[in-house]
Amino acid sequence: MKISNVYLLSLVLLFILAFGAGTATFLENFYDTQTARVLVYEALWYECVMAACAICLAISIIKTKMYKKPGAFFVHLAFIVIFIGAALTRHFGEEGVLHLRVGESGNTMQSVKPYLRVEMSNESFSFPLKLSLLGNNDFYFKKDINGKEFEIKIAGYKKDEKNAPATLTIEAGFAGQKSKTAKVKGGAGYDLEPSILSFDGQEAKFYFSSRAINLPFSLKLEKFILERYAGLNSPSSYTSRVSIAGSEHDISLNNPLTLGGYKIFQSSYDPDEQGSALEINKDPGKIPTYIGYFLLCLGFVANLFSKNSRFFRLLNFIKGSQIAFLAVLLLNATPNFANENNKNLEAHAGKFTKILVHTDNRIAPASSATRAVISKISTKTTLFGLSSEELMLSFALSPKEWMQKRLVKITNERINELLGLDKSERFASFSDVFSEDGDYKLGKFVEAANEKSASKRDKFDNDVIKFDERLNVLYFALKGEMLKFIPAKNGDKLTWLSVNEAFGSNEIPNEFKNVLSNYIGNLSLCMQDGECKEADKSLEQISSFQRGVLGSLAPSEAKVGLEVLYNQMEIFKFLIYFYMILGLVSLALGFYRLFFGRKFRFEKALNLAFFTAFVVHAANLVLRAYISGHAPWSDAYESLVYISFTSVLAGVLFFRKQSFALSAASLFAAISLLVAHLNFINPQITNLVPVLKSFWLSVHVSVITASYGFLGFGFVLGLVGLILMALKNDKNEQKLSEQIRYLAATDELSLIIGLSLLTIGNFLGGVWANESWGRYWGWDSKESWSYITIIVYAIVLHLRFMPSLKGVFVFLVASVLSFASVIFTYFGVNFYLSGLHSYANGEGFGVSGLIYLILAGLALLIALAYRGRDIKVV
């Protein structure tokens with residue numbers, strides 16, 4: 001077979017893999033996970049396509065003597081080894097769950113896959129099931145019982161709701177006799193009552209459940225230990241203390257136990273904290289899989305240094321750029337309606353910012369808590385010229401006045417109509433939503449929306465539910481119940497109370513209740529006359545009480561001060577405008593230099609401004625990490641901020657001396673930060689859930705998120721290259737062609753780095769998942785789309801091996817269009833598809849008409865650029 005045919009077949013097979021996985025994510029969303037697995041992920045045809053890909057890789061290695069290029073050789077060999085490891089795991093591995101109560105022992109686990117189990121005539125046998133909600137489940141089983149052939153046929157499979165028992169319809173009977181029908185409820189993980197049929201006086205019990213798998217050892221749950229965040233109720237970690245053959249072992253999240261070829265993981269626990277679920281697996285494919293992961297990392301690193309690699313050739317082409325990047329790369333306004341009384345609180349509110357509050361499952365300064373509350377109500381952090389702290393203090397003193405102020409954000413014009421407000425009005429007051437009779441104007445609409453399942457709600461349903469949530473937050477804020485800043489200790493138990501709750505609590509000493517009473521009076525005096533000394537003094541007493549109760553649980557005053565400073569500076573918001581202006585100016589000056597051949601005087605000043613912004617961006621990321629206590633890429637907001645940082649990193653490290661590259665980095669950073677600050681993303685700092693506290697997870701997320709920055713950088717470079725192609729004419733052809741070649745080379749470099757990071761990051765995620773709960777890959781929607789993105793960019797970077805697709809124009813178009821897979825991996829999965837990886841802080845949103853406008857604009861740009869496609873390949 002000719003090598004060109006091998007390349008073509010490889011690209012076709014890769015496309016089939018990507019298309020199949022993409023289809024499966026929608027099958028999972030509209031049906032269930034089992035349907036996606038049966039029809040795609042675990043289907044024979046999909047495994048055959050994977051095997052064919054591995055064979056093509058092997059042929060390519062041999063025919064091209066790839067072993068002479070260590071980087072490429074190790075990368076391609078790694079995928080073959082990983083495929084072998086995955087095949088061993090899937091076909092010869094065992095996986096199940098063992099549930100134990102404290103003091104209970106067990107030596108059998110329940111399979112994670114469903115079976116049809118039959119008990120009849122003192123015999124018990126089971127059949128594996130691969131059931132799908134789409135298509136026919138025409139399975140047929142038979143078993144010899146006392147010399148007679150017993151036949152079972154699957155007649156139907158139905159599931160009314162996700163994550164609920166399914167109904168299996170079977171037809172069973174002895175050969176030659178009339179079969180009988182039964183409906184069996186259950187599924188993997190369920191242990192429900194059997195359906196019973198009688199045949200010739202013999203009773204047959206049918207179970208739709210997991211299958212019991214015997215273990216070569218017995219475990220006893222001695223104790224279950226649940227640790228919580230200091231001073232809070234949310235779980236920080238949980239551990240099962242088990243005894244095996246007389247010796248005790250602790251099994252916790254990210255700390256499994258290996259025993260006789262089996263690995264035991266902490267999975268979940270019972271609500272009463274007296275029982276634990278342990279996941280157990282036996283994985284014969286682990287060693288080859290990990291060898292494959294090692295070869296993959298080794299290959300990508302070698303590719304960056306090998307003089308024979310495509311990467312090194314591209315670097316030589318754009319000689320003079322900054323190349324010393326590898327070490328860093330691998331480390332990783334409203335109108336002012338405030339009255340004078342409210343403005344009197346300004347100085348005192350500055351001191352109130354540092355009072356400790358229980359918010360978002362952590363102990364934080366009031367600055368963070370008040371911003372979160374006001375943001376939830378209005379999607380802003382200041383209103384009427386007042387800070388969030390001033391607003392919350394004023395709420396407490398004059399709630400009736402604030403009921404007339406329009407604070408609650410409206411996002412749907414129909415809500416305006418129902419409330420009798422002008423369509424241009426973007427906010428509503430508490431009094432706007434009630435009729436003269438006291439009826440809630442939106443009551444029936446909110447109730448109707450809540451009665452619908454999430455998948456059946458339209459935009460109005462979602463908007464009216466969100467408005468109702470905002471209104472409720474305002475209601476509790478006006479009642480003084482949103483800020484819980486009074487800690488109460490009863491033995492080892494710590495609770496947080498609002499002012500009203502504190503007055504009614506026996507756990508709060510009377511002396512401190514007097515302090516609270518005095519504070520309210522002094523605060524009122526402060527607002528009316530501006531005399532705030534006594535209010536300040538009361539606040540100091542409250543702060544002393546807090547730290548006295550909390551002791552070592554209280555964050556240091558320095559940390560509190562830094563968090564307040566972080567909130568007040570709003571550096572990331574400022575950087576949106578800074579990067580946007582810097583990017584547009586660089587772009588304009590780049591075109592000026594290109595067409596007029598003149599350097600601009602302040603080119604160095606632009607580079608300095610860009611580098612300064614990068615340093616400030618990095619420092620603010622470090623500050624956020626210090627405040628939160630975890631790596632700053634753990635939710636939607638943080639990951640977008642980090643993506644923008646990595647795009648700037650690309651510009652600083654090796655592209656900053658080229659105006660178009662600097663512009664691309666700045667503009668992509670500005671857009672990423674802008675999206676991070678849109679209303680559907682919550683920027684508040686929160687604690688991590690237990691399973692996310694892992695070194696491997698931190699590396700996995702940081703590397704993947706960094707890859708998005710480089711892929712996004714390549715996307716913008718591709719756009720600039722296409723624009724220059726569209727502007728080509730006879731007079732500027734030579735000058736523009738050289739510039740386009742430079743941009744294309746820089747674009748390809750960026751995509752190579754991005755794909756390397758994305759691939760390594762995904763497989764490091766496999767290490768984390770395997771070490772956390774014993775599964776490298778669960779075909780979750782996010783995992784699947786990351787895998788699709790890897791395939792898409794692998795295709796883009798290998799198009800040059802096809803003579804008909806080898807060209808700068810094709811590559812630039814592909815680098816632009818392929819970024820759609822990154823966007824869907826990030827936003828599509830996080831906010832549309834079901835899965836484990838969606839960010840809890842996000843909120844779904846509809847497809848905007850702007851998207852169709854952007855697609856039309858891209859199509860027009862590509863068409864215009866086509867006439868300037870004749871450019872020498874790099």
# chains A, B, ... in the order shown; residues from 1 in each chain; ligands from 1
>>> residues_around(residues="Asn146 in chain A", least_positions_apart="3", cutoff="12 Å", atoms="only C-alpha atoms", output="number ranges by chain")
A: 120-123, 143, 149-150, 174, 202
>>> residues_around(residues="Gly186 in chain A", least_positions_apart="2", cutoff="7 Å", atoms="only C-alpha atoms", output="VMD selection string")
chain A and resid 165 to 167 184 190 to 192 208 to 209
>>> write_last_selection(atoms="N, CA and C atoms", output="PDB file, in the first residue's frame")
ATOM      1  N   PRO A 165     -34.663   3.323  37.812  1.00  0.00           N
ATOM      2  CA  PRO A 165     -34.734   1.935  37.330  1.00  0.00           C
ATOM      3  C   PRO A 165     -35.396   1.849  35.955  1.00  0.00           C
ATOM      4  N   ALA A 166     -34.901   0.942  35.126  1.00  0.00           N
ATOM      5  CA  ALA A 166     -35.478   0.713  33.802  1.00  0.00           C
ATOM      6  C   ALA A 166     -36.398  -0.509  33.866  1.00  0.00           C
ATOM      7  N   THR A 167     -37.189  -0.686  32.809  1.00  0.00           N
ATOM      8  CA  THR A 167     -38.097  -1.838  32.727  1.00  0.00           C
ATOM      9  C   THR A 167     -37.686  -2.720  31.555  1.00  0.00           C
ATOM     10  N   VAL A 184     -39.511  -6.838  34.123  1.00  0.00           N
ATOM     11  CA  VAL A 184     -38.550  -6.856  35.226  1.00  0.00           C
ATOM     12  C   VAL A 184     -37.963  -5.455  35.394  1.00  0.00           C
ATOM     13  N   TYR A 190     -28.985  -1.842  40.982  1.00  0.00           N
ATOM     14  CA  TYR A 190     -30.272  -1.979  41.660  1.00  0.00           C
ATOM     15  C   TYR A 190     -30.461  -3.405  42.171  1.00  0.00           C
ATOM     16  N   ASP A 191     -31.163  -3.532  43.282  1.00  0.00           N
ATOM     17  CA  ASP A 191     -31.473  -4.846  43.853  1.00  0.00           C
ATOM     18  C   ASP A 191     -32.962  -4.856  44.192  1.00  0.00           C
ATOM     19  N   LEU A 192     -33.789  -4.957  43.144  1.00  0.00           N
ATOM     20  CA  LEU A 192     -35.243  -4.879  43.317  1.00  0.00           C
ATOM     21  C   LEU A 192     -35.864  -6.271  43.336  1.00  0.00           C
ATOM     22  N   PHE A 208     -33.302  -8.193  37.113  1.00  0.00           N
ATOM     23  CA  PHE A 208     -32.585  -7.267  36.221  1.00  0.00           C
ATOM     24  C   PHE A 208     -31.666  -6.435  37.135  1.00  0.00           C
ATOM     25  N   SER A 209     -30.410  -6.847  37.232  1.00  0.00           N
ATOM     26  CA  SER A 209     -29.543  -6.241  38.252  1.00  0.00           C
ATOM     27  C   SER A 209     -28.068  -6.454  37.903  1.00  0.00           C
TER      28      SER A 209
END
>>> closest_residue(among="A:Ala554, A:Tyr626, A:Ala372, A:Glu390", to="Met482 in chain A", atoms="only C-alpha atoms")
A:Ala372
>>> atom_distance(atom1="CA of Val716 in chain A", atom2="CA of Ser647 in chain A")
10.4 Å
>>> closest_residue(among="A:Phe572, A:Phe434, A:Phe384, A:Phe300", to="Gly761 in chain A", atoms="only C-alpha atoms")
A:Phe300
>>> select_by_dssp(residues="range 231-443 of chain A", states="helix (DSSP H, G or I)", output="PyMOL selection string")
chain A and resi 286-305+310-317+326-330+340-343+346-352+366-378+388-397+399-402+413-419+431-433+443
>>> closest_residue(among="A:Leu717, A:Val641, A:Val515, A:Ile62", to="Thr705 in chain A", atoms="only C-alpha atoms")
A:Val641
>>> residues_around(residues="Asp432 in chain A", least_positions_apart="2", cutoff="9 Å", atoms="only C-alpha atoms", output="PyMOL selection string")
chain A and resi 403-404+406+419-421+428-430+434-435+441
>>> closest_residue(among="A:Ser666, A:Lys493, A:Glu346, A:Ser644", to="Gly530 in chain A", atoms="only C-alpha atoms")
A:Glu346
>>> residues_around(residues="Glu389 in chain A", least_positions_apart="2", cutoff="8 Å", atoms="only C-alpha atoms", output="list in words")
Ala349, Gly350, Phe352, Thr353, Ala366, Ser367, Thr370, Arg371, Ser387, Leu391, Met392 and Leu393 of chain A
>>> write_last_selection(atoms="N, CA and C atoms", output="PDB file, in the first residue's frame")
ATOM      1  N   ALA A 349     -18.195  51.165  56.058  1.00  0.00           N
ATOM      2  CA  ALA A 349     -18.307  49.968  55.210  1.00  0.00           C
ATOM      3  C   ALA A 349     -16.937  49.437  54.840  1.00  0.00           C
ATOM      4  N   GLY A 350     -15.962  50.350  54.716  1.00  0.00           N
ATOM      5  CA  GLY A 350     -14.603  49.913  54.435  1.00  0.00           C
ATOM      6  C   GLY A 350     -14.048  49.028  55.526  1.00  0.00           C
ATOM      7  N   PHE A 352     -16.113  47.230  57.554  1.00  0.00           N
ATOM      8  CA  PHE A 352     -16.995  46.055  57.569  1.00  0.00           C
ATOM      9  C   PHE A 352     -16.540  44.992  56.569  1.00  0.00           C
ATOM     10  N   THR A 353     -15.804  45.408  55.533  1.00  0.00           N
ATOM     11  CA  THR A 353     -15.355  44.456  54.500  1.00  0.00           C
ATOM     12  C   THR A 353     -14.565  43.289  55.083  1.00  0.00           C
ATOM     13  N   ALA A 366     -16.407  39.827  54.563  1.00  0.00           N
ATOM     14  CA  ALA A 366     -17.718  40.322  54.127  1.00  0.00           C
ATOM     15  C   ALA A 366     -17.646  40.914  52.726  1.00  0.00           C
ATOM     16  N   SER A 367     -16.489  41.405  52.344  1.00  0.00           N
ATOM     17  CA  SER A 367     -16.313  41.950  51.003  1.00  0.00           C
ATOM     18  C   SER A 367     -16.730  40.939  49.938  1.00  0.00           C
ATOM     19  N   THR A 370     -20.753  39.997  50.421  1.00  0.00           N
ATOM     20  CA  THR A 370     -21.691  41.034  49.967  1.00  0.00           C
ATOM     21  C   THR A 370     -21.665  41.170  48.454  1.00  0.00           C
ATOM     22  N   ARG A 371     -20.490  41.044  47.855  1.00  0.00           N
ATOM     23  CA  ARG A 371     -20.398  41.102  46.392  1.00  0.00           C
ATOM     24  C   ARG A 371     -21.177  39.961  45.755  1.00  0.00           C
ATOM     25  N   SER A 387     -21.171  50.766  47.236  1.00  0.00           N
ATOM     26  CA  SER A 387     -20.483  49.476  47.194  1.00  0.00           C
ATOM     27  C   SER A 387     -21.410  48.393  47.725  1.00  0.00           C
ATOM     28  N   LEU A 391     -24.461  48.748  50.481  1.00  0.00           N
ATOM     29  CA  LEU A 391     -25.821  48.309  50.152  1.00  0.00           C
ATOM     30  C   LEU A 391     -26.357  47.349  51.207  1.00  0.00           C
ATOM     31  N   MET A 392     -25.560  46.356  51.596  1.00  0.00           N
ATOM     32  CA  MET A 392     -26.032  45.362  52.556  1.00  0.00           C
ATOM     33  C   MET A 392     -26.280  45.985  53.934  1.00  0.00           C
ATOM     34  N   LEU A 393     -25.428  46.917  54.365  1.00  0.00           N
ATOM     35  CA  LEU A 393     -25.648  47.599  55.648  1.00  0.00           C
ATOM     36  C   LEU A 393     -26.900  48.458  55.582  1.00  0.00           C
TER      37      LEU A 393
END
>>> residues_around(residues="Ser750 in chain A", least_positions_apart="5", cutoff="8 Å", atoms="only C-alpha atoms", output="list in words")
Ala650, Phe710, Leu711, Phe713 and Gly714 of chain A
>>> residues_around(residues="Arg470 in chain A", least_positions_apart="5", cutoff="12 Å", atoms="only C-alpha atoms", output="list of chain:residue names")
A:Ala372, A:Val373, A:Ile374, A:Ser375, A:Lys376, A:Ile377, A:Ser378, A:Thr379, A:Leu407, A:Val408, A:Lys409, A:Ile410, A:Thr411, A:Phe427, A:Ala428, A:Ser429, A:Phe430, A:Asp463, A:Val464, A:Ile465, A:Tyr475, A:Phe476, A:Ala477
>>> residues_around(residues="Asp250 in chain A", least_positions_apart="3", cutoff="8 Å", atoms="only C-alpha atoms", output="ChimeraX atom specification")
/A:239-242,257
>>> closest_residue(among="A:Ala605, A:Val40, A:Ala87, A:Leu589", to="Asp283 in chain A", atoms="only C-alpha atoms")
A:Ala87
